[in-house]
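K.L.:
I have a structure here, written as structure tokens, and I will follow up with some questions on it.
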Amino acid sequence: MEEQRELLRRVGRDALWVVAGGGALLTAVGRWDWALGFAIGGGLSLGNFSLIARAVAQGSRTEGLRPARVLWGSLLRLGLTGLALFLVVVYLPVNLIALALGLLAVQVVLVFGAFRRGFREDAG
């Protein structure tokens, strides 16, 4: 259980560094709309990841978790993420490509982390 918690902390921390670094780099080159889109997309991605991790942890502790509760929780999270994306796209001057790249930040960190751990285990 502690290993899972550490993995979640590490992924969250690394994804935050990717989002902050990408946003800072885009700001430094004068692409404000890209920086805003990337930061908002990354923030939504981190928030969604946090909610999923919390739901999985709660589900693993609860005996007899009802599938209907899992389904409604997933639909609520999906609806809130969709609403946030809609509001961002309609009301903020963001670049949609940068927004999409920000939404992938956590997934990219997860994949690279898995590769890194896999290569470390193979080397040892």
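Note on naming: chains are A, B, ... as they come in the structure tokens, residues start from 1 per chain, ligands start from 1 in the order shown.
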Pick out the residues sitting within 12 Å of Arg10 (chain A), and hand them over as a PyMOL selection string; count only C-alpha atoms, and ignore anything fewer than 4 positions along from it in its own chain.

P.N.:
chain A and resi 3-6+14-17+106+109-110+113-114

K.L.:
Store the residues of this selection in a file with N, CA, C and O atoms, as a PDB file, in the first residue's frame.

P.N.:
```
ATOM      1  N   GLU A   3       3.821   1.469  -1.204  1.00  0.00           N
ATOM      2  CA  GLU A   3       4.461   1.543  -2.516  1.00  0.00           C
ATOM      3  C   GLU A   3       3.535   2.231  -3.530  1.00  0.00           C
ATOM      4  O   GLU A   3       3.986   3.052  -4.333  1.00  0.00           O
ATOM      5  N   GLN A   4       2.237   1.933  -3.460  1.00  0.00           N
ATOM      6  CA  GLN A   4       1.269   2.587  -4.351  1.00  0.00           C
ATOM      7  C   GLN A   4       1.188   4.079  -4.058  1.00  0.00           C
ATOM      8  O   GLN A   4       1.148   4.894  -4.974  1.00  0.00           O
ATOM      9  N   ARG A   5       1.159   4.420  -2.793  1.00  0.00           N
ATOM     10  CA  ARG A   5       1.086   5.825  -2.405  1.00  0.00           C
ATOM     11  C   ARG A   5       2.314   6.592  -2.896  1.00  0.00           C
ATOM     12  O   ARG A   5       2.206   7.706  -3.389  1.00  0.00           O
ATOM     13  N   GLU A   6       3.476   5.972  -2.776  1.00  0.00           N
ATOM     14  CA  GLU A   6       4.710   6.600  -3.249  1.00  0.00           C
ATOM     15  C   GLU A   6       4.698   6.762  -4.770  1.00  0.00           C
ATOM     16  O   GLU A   6       5.133   7.787  -5.290  1.00  0.00           O
ATOM     17  N   ASP A  14       6.149  14.486 -10.732  1.00  0.00           N
ATOM     18  CA  ASP A  14       6.805  14.554 -12.041  1.00  0.00           C
ATOM     19  C   ASP A  14       5.905  15.230 -13.077  1.00  0.00           C
ATOM     20  O   ASP A  14       6.382  16.024 -13.898  1.00  0.00           O
ATOM     21  N   ALA A  15       4.617  14.926 -13.038  1.00  0.00           N
ATOM     22  CA  ALA A  15       3.689  15.563 -13.983  1.00  0.00           C
ATOM     23  C   ALA A  15       3.592  17.063 -13.710  1.00  0.00           C
ATOM     24  O   ALA A  15       3.514  17.863 -14.650  1.00  0.00           O
ATOM     25  N   LEU A  16       3.621  17.446 -12.456  1.00  0.00           N
ATOM     26  CA  LEU A  16       3.599  18.867 -12.120  1.00  0.00           C
ATOM     27  C   LEU A  16       4.841  19.562 -12.670  1.00  0.00           C
ATOM     28  O   LEU A  16       4.760  20.677 -13.195  1.00  0.00           O
ATOM     29  N   TRP A  17       5.998  18.909 -12.571  1.00  0.00           N
ATOM     30  CA  TRP A  17       7.228  19.472 -13.129  1.00  0.00           C
ATOM     31  C   TRP A  17       7.135  19.598 -14.649  1.00  0.00           C
ATOM     32  O   TRP A  17       7.593  20.594 -15.229  1.00  0.00           O
ATOM     33  N   VAL A 106       0.055  13.685 -17.713  1.00  0.00           N
ATOM     34  CA  VAL A 106       0.134  12.610 -16.719  1.00  0.00           C
ATOM     35  C   VAL A 106       0.374  11.267 -17.409  1.00  0.00           C
ATOM     36  O   VAL A 106       1.186  10.459 -16.946  1.00  0.00           O
ATOM     37  N   VAL A 109       4.007  10.989 -18.382  1.00  0.00           N
ATOM     38  CA  VAL A 109       4.833  10.721 -17.200  1.00  0.00           C
ATOM     39  C   VAL A 109       4.677   9.268 -16.758  1.00  0.00           C
ATOM     40  O   VAL A 109       5.670   8.613 -16.400  1.00  0.00           O
ATOM     41  N   LEU A 110       3.467   8.734 -16.777  1.00  0.00           N
ATOM     42  CA  LEU A 110       3.249   7.338 -16.408  1.00  0.00           C
ATOM     43  C   LEU A 110       4.000   6.389 -17.332  1.00  0.00           C
ATOM     44  O   LEU A 110       4.649   5.445 -16.881  1.00  0.00           O
ATOM     45  N   GLY A 113       7.783   6.727 -16.832  1.00  0.00           N
ATOM     46  CA  GLY A 113       8.126   6.138 -15.540  1.00  0.00           C
ATOM     47  C   GLY A 113       8.127   4.618 -15.593  1.00  0.00           C
ATOM     48  O   GLY A 113       9.005   3.969 -15.025  1.00  0.00           O
ATOM     49  N   ALA A 114       7.163   4.053 -16.307  1.00  0.00           N
ATOM     50  CA  ALA A 114       7.112   2.594 -16.449  1.00  0.00           C
ATOM     51  C   ALA A 114       8.309   2.088 -17.242  1.00  0.00           C
ATOM     52  O   ALA A 114       8.920   1.070 -16.890  1.00  0.00           O
TER      53      ALA A 114
END
```

K.L.:
Mind checking which residues fall within 12 Å of Thr81 (chain A), counting only C-alpha atoms, ignoring those fewer than 4 positions away in the same chain, and posting them as a list in words?

P.N.:
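These residues fall inside the cut-off: Ile40, Gly41, Gly43, Leu44, Ser45, Leu46, Gly47, Asn48, Phe49, Leu51, Ser74, Leu75, Leu76, Arg77, Leu85, Phe86, Leu87, Val88 and Leu103 of chain A.
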
K.L.:
For C-alpha atoms, I'd like the residues from the last selection saved as a PDB file, in the first residue's frame.

P.N.:
```pdb
ATOM      1  CA  ILE A  40      -4.862  24.323 -18.050  1.00  0.00           C
ATOM      2  CA  GLY A  41      -4.737  20.972 -19.839  1.00  0.00           C
ATOM      3  CA  GLY A  43      -4.038  20.981 -14.454  1.00  0.00           C
ATOM      4  CA  LEU A  44      -7.145  19.147 -15.637  1.00  0.00           C
ATOM      5  CA  SER A  45      -5.062  16.038 -16.270  1.00  0.00           C
ATOM      6  CA  LEU A  46      -3.540  16.189 -12.783  1.00  0.00           C
ATOM      7  CA  GLY A  47      -6.930  16.765 -11.195  1.00  0.00           C
ATOM      8  CA  ASN A  48      -8.491  13.867 -13.071  1.00  0.00           C
ATOM      9  CA  PHE A  49      -5.567  11.609 -12.163  1.00  0.00           C
ATOM     10  CA  LEU A  51      -9.675  11.772  -8.562  1.00  0.00           C
ATOM     11  CA  SER A  74     -16.784   7.799 -13.405  1.00  0.00           C
ATOM     12  CA  LEU A  75     -19.611   9.506 -15.276  1.00  0.00           C
ATOM     13  CA  LEU A  76     -19.581  12.425 -12.843  1.00  0.00           C
ATOM     14  CA  ARG A  77     -15.808  12.839 -13.234  1.00  0.00           C
ATOM     15  CA  LEU A  85     -12.937  21.736 -21.111  1.00  0.00           C
ATOM     16  CA  PHE A  86     -15.993  23.297 -22.741  1.00  0.00           C
ATOM     17  CA  LEU A  87     -15.727  26.409 -20.582  1.00  0.00           C
ATOM     18  CA  VAL A  88     -11.997  26.728 -21.256  1.00  0.00           C
ATOM     19  CA  LEU A 103      -4.135  16.767 -21.096  1.00  0.00           C
TER      20      LEU A 103
END
```

K.L.:
By how many Å are CA of Leu92 (chain A) and CA of Leu36 (chain A) apart?

P.N.:
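For CA of Leu92 (chain A) relative to CA of Leu36 (chain A), the distance reads 8.7 Å.
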
K.L.:
Interatomic distance between CA of Ile52 (chain A) and CA of Leu7 (chain A)?

P.N.:
13.8 Å

K.L.:
In Å to one decimal, how far is CA of Val108 (chain A) from CA of Asn95 (chain A)?

P.N.:
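That distance, rounded to one decimal, is 19.6 Å.
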